[in-house]
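Below: the structure, in structure tokens.
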Number of protein chains: 2
Amino acid sequence: MSRPNPTYQDIANYTGFSKTTISRYFNRPDTVTPKNRAKIRHALEVLDYKSNKVARILAKGQTEFIGLVVPNLYLSFYGEILDQFLKSFEKYGYKFIVFSGTGSEETERRYLDELQAYHVEGLIVLSHTLPSIQLASLGLPVVAIEREDLYISSVNTDNYAGGVAAARHLLQIGCDMLIHINKDEIDSRIPAYGRREGFLDVCRRENAEHAVFNYVQEADYADLAQQTAGILQEIIDTYPARRKGLFCSNDTIAEMVLNDLFRRYGKLPEDFSIIGFDGTPSSEHAILPLSTVQQQIGLLVDHAMELLIDQIRHKKETGFAPLSEPVHRMIPPVLKLRSTT
Amino acid sequence: MSRPNPTYQDIANYTGFSKTTISRYFNRPDTVTPKNRAKIRHALEVLDYKSNKVARILAKGQTEFIGLVVPNLYLSFYGEILDQFLKSFEKYGYKFIVFSGTGSEETERRYLDELQAYHVEGLIVLSHTLPSIQLASLGLPVVAIEREDLYISSVNTDNYAGGVAAARHLLQIGCDMLIHINKDEIDSRIPAYGRREGFLDVCRRENAEHAVFNYVQEADYADLAQQTAGILQEIIDTYPARRKGLFCSNDTIAEMVLNDLFRRYGKLPEDFSIIGFDGTPSSEHAILPLSTVQQQIGLLVDHAMELLIDQIRHKKETGFAPLSEPVHRMIPPVLKLRSTT
DNA sequence: TTGTAAGCGTTATCAA
DNA sequence: TTGATAACGCTTACAA
């Protein structure tokens, strides 16, 4: 072993070719005679050559890196979607530099600085901390997922359709009091807003009695659990004799309600039906398998990668900047009917 | 805007200095006069300079990258620990290139190739696919977490102590039949093996009646749930009149048992006590807050980063290779007593 | 305190 | 089909 990390130069010396030929061996093998290819291949073996992508990036200007910013990883939705992005390496060859958000604008801007410094080719953003106009100004291909996306391309679940499906289903199974639990003051520009709208539109159209219960921005899980318990108590008190259909804005809330009911009654009472939103695997493992509006994470990821790669190509060809007009794709949700409805 | 991405050369031209001075402005600001610093700062503003770390890496040979390979992200333990690693960026400045394992040796070797090609400075490995001897042969700083670690440094929870604590607690609260549920044929060289050992040693020492139930490698979650249900049935049938203390090898199993009991009896029966292992936040959100042996994820991450950075420094100083002898650190678990015991 | 020049390991251009 | 040579943008002796 002559050197710890042999370079093209070492291979060139060993084989008697020039660096250029070694490079061509890798990038345009057809322009090297089979015989010489064999020679080089042999040298690579002997010297245990390992490619140095850093040098390659510098020379070529392409990193095969994508920056990915999630808000957190304790919500299973984000874990699940990150997992799928990472696994897309096999398909597209992009590596991911991952950051987990902190909620602080300043920190997240630092993340972006880092990512730009490393010349990531594009950005996938799930964190909601930075407004899309700032992300757009980066001059970098960007795709947003389930967040405000006024100025950037995005892929989202069709939240409205999900709300509609949930309401319809609850009516269909005979609920006469439709109830929605969601976060207070949810911004109408984020996709999740559609959950409420779709649900309420059906209620109005069908003349179904309905109510919305809001919780305020939670401090942490325990806080959320407490708020949910309060809401459930109110629901029980207010609508004792009704067949209640609960549509919760996410599975976590739905599971909290379900657990609470089980602790009270030892089962899911007849007069309660519950449906959640997100449908990550964990929703299947609740005390009862949870009916839910499932986001098709695989599709979200596929489309996001497609959109991003389009933009990357576009940038390569036309010089710079993402596409002129943001593209927004909608992925239909899937109504998963399990044991709670 | 003259150029899309200004370089030191552009700043140099603009200010009348040389590239070197610009470089020194960044790396050793004290060697540039305050006045000239101001000039340069101004030029950076005007030209909207953005650093290019790729070039920096090539010149300096340091990437500030750490490669991280997890087995998956649907187990909350891995999501949680990944989150903490990512957040350590604020403290250490290392960025993470993350891969999610597939179970295939070949794929994971490809991951390692990529990581080496990008000149990551070190590796954190949680995936168990590749034997540690292979990881050691990379000549790269490596730290393993909760996996086989014969040839590489590692940080692990003191699994044995966890098993001991679980058994002691179950005895103390009056259980007269101690039961452990774990995976069949678990390799004695992986840390998790200690859970069983610690538990059994206490049982033997205290002359407590005990039994172990094994499940075989699960295909997926549903399979595991089914196996667990079978085991529970057997336990109920075999030890009807006993005060049963169940120590499950992880929280997921414990939650399955707990859910199953709730579905059967509408509550946790008096003659059952349950304790899990891992203690990620999700264990608190089971139908009943789960008693569990908690791994101190924050500490695991801190120690892993410390060990890795030691090795990185060592490699920089002494030329190459990780330390001569692997270092293994043990983090004590914390017994979390909640509602199931 | 500043500048010159060589180098990091590739890729790209143009001759040969 | 091959090889010189010049980039890519930064760091680092060494000299001024």
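In the structure tokens, each chain is lettered A, B, ... as it comes, each chain's residues begin at 1, and ligands are numbered from 1 in order of appearance.
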Taking only residues of chain A that have an atom at most 9 Å from an atom of chain B, what is each one's shortest atom pair and its distance in Å to one decimal, using only C-alpha atoms, in chain and number order, as a Markdown table?
| residue | atom | partner | partner_atom | distance |
| --- | --- | --- | --- | --- |
| A:Pro4 | CA | B:Phe320 | CA | 8.7 |
| A:Lys50 | CA | B:Ala117 | CA | 6.8 |
| A:Ser51 | CA | B:Ala117 | CA | 5.5 |
| A:Asn52 | CA | B:Ala117 | CA | 4.8 |
| A:Lys53 | CA | B:Ala117 | CA | 5.2 |
| A:Val54 | CA | B:Tyr118 | CA | 5.8 |
| A:Ala55 | CA | B:Leu58 | CA | 6.2 |
| A:Ile57 | CA | B:Val54 | CA | 7.2 |
| A:Leu58 | CA | B:Ala55 | CA | 6.1 |
| A:Thr63 | CA | B:Val54 | CA | 8.9 |
| A:Asn72 | CA | B:Asp83 | CA | 6.9 |
| A:Leu73 | CA | B:Gly79 | CA | 5.6 |
| A:Tyr74 | CA | B:Glu80 | CA | 6.1 |
| A:Leu75 | CA | B:Gly79 | CA | 8.8 |
| A:Ser76 | CA | B:Tyr74 | CA | 7.1 |
| A:Gly79 | CA | B:Leu73 | CA | 5.6 |
| A:Glu80 | CA | B:Tyr74 | CA | 6.1 |
| A:Leu82 | CA | B:Leu73 | CA | 7.8 |
| A:Asp83 | CA | B:Leu73 | CA | 5.8 |
| A:Gln84 | CA | B:Ser100 | CA | 8.7 |
| A:Leu86 | CA | B:Phe99 | CA | 5.9 |
| A:Lys87 | CA | B:Ser100 | CA | 6.4 |
| A:Phe89 | CA | B:Phe99 | CA | 8.5 |
| A:Glu90 | CA | B:Thr107 | CA | 8.5 |
| A:Lys95 | CA | B:Ile97 | CA | 7.0 |
| A:Phe96 | CA | B:Ile97 | CA | 5.8 |
| A:Ile97 | CA | B:Ile97 | CA | 4.8 |
| A:Val98 | CA | B:Phe96 | CA | 6.3 |
| A:Phe99 | CA | B:Leu86 | CA | 5.9 |
| A:Ser100 | CA | B:Leu86 | CA | 6.0 |
| A:Gly101 | CA | B:Lys87 | CA | 8.2 |
| A:Thr102 | CA | B:Lys87 | CA | 8.2 |
| A:Thr107 | CA | B:Glu90 | CA | 8.5 |
| A:Asp113 | CA | B:Lys50 | CA | 8.2 |
| A:Glu114 | CA | B:Lys53 | CA | 8.5 |
| A:Gln116 | CA | B:Lys50 | CA | 7.9 |
| A:Ala117 | CA | B:Asn52 | CA | 4.8 |
| A:Tyr118 | CA | B:Lys53 | CA | 5.4 |
| A:His119 | CA | B:Asn52 | CA | 7.3 |
| A:Tyr221 | CA | B:His285 | CA | 8.7 |
| A:Ala222 | CA | B:His285 | CA | 8.9 |
| A:Ala225 | CA | B:His285 | CA | 8.9 |
| A:Glu255 | CA | B:Ile287 | CA | 8.8 |
| A:Met256 | CA | B:His285 | CA | 7.9 |
| A:Leu258 | CA | B:Ile287 | CA | 8.6 |
| A:Asn259 | CA | B:Ile287 | CA | 5.2 |
| A:Asp260 | CA | B:Ile287 | CA | 7.8 |
| A:Phe262 | CA | B:Gly266 | CA | 7.0 |
| A:Arg263 | CA | B:Lys267 | CA | 7.1 |
| A:Tyr265 | CA | B:Gly266 | CA | 7.3 |
| A:Gly266 | CA | B:Gly266 | CA | 3.6 |
| A:Lys267 | CA | B:Gly266 | CA | 5.9 |
| A:Pro281 | CA | B:Tyr74 | CA | 8.0 |
| A:Ser282 | CA | B:Tyr74 | CA | 8.4 |
| A:His285 | CA | B:Met256 | CA | 7.8 |
| A:Ala286 | CA | B:Asn259 | CA | 7.7 |
| A:Ile287 | CA | B:Asn259 | CA | 5.1 |
| A:Leu288 | CA | B:Arg263 | CA | 8.1 |
| A:Phe320 | CA | B:Pro4 | CA | 8.8 |
Export of the given selection (C-alpha atoms) as a PDB file, in the first residue's frame:
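Done, and the output landed in again_27.pdb:
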ATOM      1  CA  PRO A   4      -3.695   5.811   2.091  1.00  0.00           C
ATOM      2  CA  LYS A  50     -11.788   4.711  -3.694  1.00  0.00           C
ATOM      3  CA  SER A  51     -13.528   7.489  -5.557  1.00  0.00           C
ATOM      4  CA  ASN A  52     -13.384  10.968  -4.153  1.00  0.00           C
ATOM      5  CA  LYS A  53     -16.668  12.652  -4.799  1.00  0.00           C
ATOM      6  CA  VAL A  54     -15.596  15.870  -3.199  1.00  0.00           C
ATOM      7  CA  ALA A  55     -13.141  16.523  -5.971  1.00  0.00           C
ATOM      8  CA  ILE A  57     -18.239  17.857  -7.115  1.00  0.00           C
ATOM      9  CA  LEU A  58     -15.781  20.700  -7.244  1.00  0.00           C
ATOM     10  CA  THR A  63     -23.284  17.150  -5.461  1.00  0.00           C
ATOM     11  CA  ASN A  72     -39.322  16.974  14.237  1.00  0.00           C
ATOM     12  CA  LEU A  73     -39.114  13.224  14.322  1.00  0.00           C
ATOM     13  CA  TYR A  74     -41.284  12.302  17.242  1.00  0.00           C
ATOM     14  CA  LEU A  75     -44.413  12.504  15.136  1.00  0.00           C
ATOM     15  CA  SER A  76     -44.545   9.258  13.284  1.00  0.00           C
ATOM     16  CA  GLY A  79     -40.369   9.584  10.650  1.00  0.00           C
ATOM     17  CA  GLU A  80     -42.238   7.587   8.091  1.00  0.00           C
ATOM     18  CA  LEU A  82     -38.165  10.656   6.061  1.00  0.00           C
ATOM     19  CA  ASP A  83     -37.637   6.927   5.901  1.00  0.00           C
ATOM     20  CA  GLN A  84     -39.156   6.826   2.446  1.00  0.00           C
ATOM     21  CA  LEU A  86     -33.910   8.058   2.462  1.00  0.00           C
ATOM     22  CA  LYS A  87     -34.856   4.830   0.755  1.00  0.00           C
ATOM     23  CA  PHE A  89     -31.550   6.758  -2.702  1.00  0.00           C
ATOM     24  CA  GLU A  90     -31.724   3.383  -4.365  1.00  0.00           C
ATOM     25  CA  LYS A  95     -28.084  11.509  -0.696  1.00  0.00           C
ATOM     26  CA  PHE A  96     -29.864  13.454   2.011  1.00  0.00           C
ATOM     27  CA  ILE A  97     -28.448  15.938   4.425  1.00  0.00           C
ATOM     28  CA  VAL A  98     -31.115  16.044   7.089  1.00  0.00           C
ATOM     29  CA  PHE A  99     -31.951  18.717   9.584  1.00  0.00           C
ATOM     30  CA  SER A 100     -34.564  18.587  12.282  1.00  0.00           C
ATOM     31  CA  GLY A 101     -36.296  21.884  12.917  1.00  0.00           C
ATOM     32  CA  THR A 102     -36.277  23.770  16.157  1.00  0.00           C
ATOM     33  CA  THR A 107     -31.631  28.344  13.384  1.00  0.00           C
ATOM     34  CA  ASP A 113     -26.913  28.444   4.789  1.00  0.00           C
ATOM     35  CA  GLU A 114     -25.141  25.195   5.496  1.00  0.00           C
ATOM     36  CA  GLN A 116     -26.286  26.044   0.282  1.00  0.00           C
ATOM     37  CA  ALA A 117     -22.632  26.036   1.254  1.00  0.00           C
ATOM     38  CA  TYR A 118     -22.556  22.335   0.512  1.00  0.00           C
ATOM     39  CA  HIS A 119     -24.173  23.001  -2.827  1.00  0.00           C
ATOM     40  CA  TYR A 221     -47.782  15.989  24.441  1.00  0.00           C
ATOM     41  CA  ALA A 222     -49.064  16.060  28.008  1.00  0.00           C
ATOM     42  CA  ALA A 225     -53.627  15.102  26.197  1.00  0.00           C
ATOM     43  CA  GLU A 255     -55.809   7.903  19.786  1.00  0.00           C
ATOM     44  CA  MET A 256     -55.985  10.117  22.828  1.00  0.00           C
ATOM     45  CA  LEU A 258     -59.930   6.525  22.056  1.00  0.00           C
ATOM     46  CA  ASN A 259     -57.676   5.777  25.013  1.00  0.00           C
ATOM     47  CA  ASP A 260     -59.664   8.091  27.197  1.00  0.00           C
ATOM     48  CA  PHE A 262     -61.384   2.987  26.937  1.00  0.00           C
ATOM     49  CA  ARG A 263     -60.181   4.059  30.328  1.00  0.00           C
ATOM     50  CA  TYR A 265     -65.764   2.533  29.783  1.00  0.00           C
ATOM     51  CA  GLY A 266     -63.375  -0.343  29.183  1.00  0.00           C
ATOM     52  CA  LYS A 267     -64.371  -0.295  25.515  1.00  0.00           C
ATOM     53  CA  PRO A 281     -48.592   2.478  10.691  1.00  0.00           C
ATOM     54  CA  SER A 282     -48.882   3.438  14.342  1.00  0.00           C
ATOM     55  CA  HIS A 285     -51.621  -0.278  16.663  1.00  0.00           C
ATOM     56  CA  ALA A 286     -53.887   1.767  18.834  1.00  0.00           C
ATOM     57  CA  ILE A 287     -55.985  -0.006  21.410  1.00  0.00           C
ATOM     58  CA  LEU A 288     -58.426  -0.538  18.579  1.00  0.00           C
ATOM     59  CA  PHE A 320     -30.787  29.178 -12.968  1.00  0.00           C
TER      60      PHE A 320
END
Could I get the residues of chain C with an atom no further than 9 Å from an atom of chain A, each paired with its nearest atom pair and that distance in Å to one decimal, using only C-alpha atoms (C1' of nucleotides), sorted by chain and residue number, as JSON lines?
{"residue": "C:DC8", "atom": "C1'", "partner": "A:Ala55", "partner_atom": "CA", "distance": 7.9}
{"residue": "C:DG9", "atom": "C1'", "partner": "A:Ala55", "partner_atom": "CA", "distance": 4.9}
{"residue": "C:DT10", "atom": "C1'", "partner": "A:Arg56", "partner_atom": "CA", "distance": 4.5}
{"residue": "C:DT11", "atom": "C1'", "partner": "A:Ala59", "partner_atom": "CA", "distance": 5.3}
{"residue": "C:DA12", "atom": "C1'", "partner": "A:Ala59", "partner_atom": "CA", "distance": 8.9}
Interface, chain D side, toward chain A (8 Å; only C-alpha atoms (C1' of nucleotides)) as a ChimeraX atom specification: /D:1-3,7-9
Leaving out Leu68 (chain B) and any residue of its chain fewer than 2 positions from it, which residues lie within 6 Å of it when counting only C-alpha atoms (C1' of nucleotides), given as a ChimeraX atom specification? /B:98,123-125
For the residues selected in the previous step, produce a file with C-alpha atoms as a PDB file, in the first residue's frame.
ATOM      1  CA  VAL B  98     -28.404   9.691   6.853  1.00  0.00           C
ATOM      2  CA  LEU B 123     -19.695   6.963  11.221  1.00  0.00           C
ATOM      3  CA  ILE B 124     -22.502   6.285  13.660  1.00  0.00           C
ATOM      4  CA  VAL B 125     -24.014   2.882  13.127  1.00  0.00           C
TER       5      VAL B 125
END
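Atom pair CA of Arg204 (chain A) / CA of Gly163 (chain A) has a distance of 12.8 Å (rounded to one decimal).
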Quick check for you: according to DSSP on this backbone, which residues of region 59-185 of chain A are classed as strand (DSSP E)? Reply as a ChimeraX atom specification. /A:65-70,95-100,122-125,142-145,153-157,177-183
Could you state the separation of CA of Lys183 (chain B) and CA of Asp201 (chain B) in Å, given to one decimal place? 17.9 Å
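Note that the spacing between CA of Leu307 (chain B) and CA of Pro191 (chain B) amounts to 17.9 Å.
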Write out as JSON, numbers by chain all residues of region 30-264 of chain A that backbone DSSP assigns to alpha helix (DSSP H). {"A": [34, 35, 36, 37, 38, 39, 40, 41, 42, 43, 44, 45, 46, 47, 53, 54, 55, 56, 57, 58, 59, 60, 76, 77, 78, 79, 80, 81, 82, 83, 84, 85, 86, 87, 89, 90, 91, 92, 105, 106, 107, 108, 109, 110, 111, 112, 113, 114, 115, 116, 117, 132, 133, 134, 135, 136, 159, 160, 161, 162, 163, 164, 165, 166, 167, 168, 169, 170, 171, 172, 193, 194, 195, 196, 197, 198, 199, 200, 201, 202, 203, 204, 205, 221, 222, 223, 224, 225, 226, 227, 228, 229, 230, 231, 232, 233, 234, 235, 236, 237, 238, 251, 252, 253, 254, 255, 256, 257, 258, 259, 260, 261, 262, 263, 264]}
Can you list, as a ChimeraX atom specification, every protein, DNA or RNA residue that comes within 12 Å of DA15 (chain D) when you count only C-alpha atoms (C1' of nucleotides), leaving out same-chain residues fewer than 6 positions away? /C:2-5
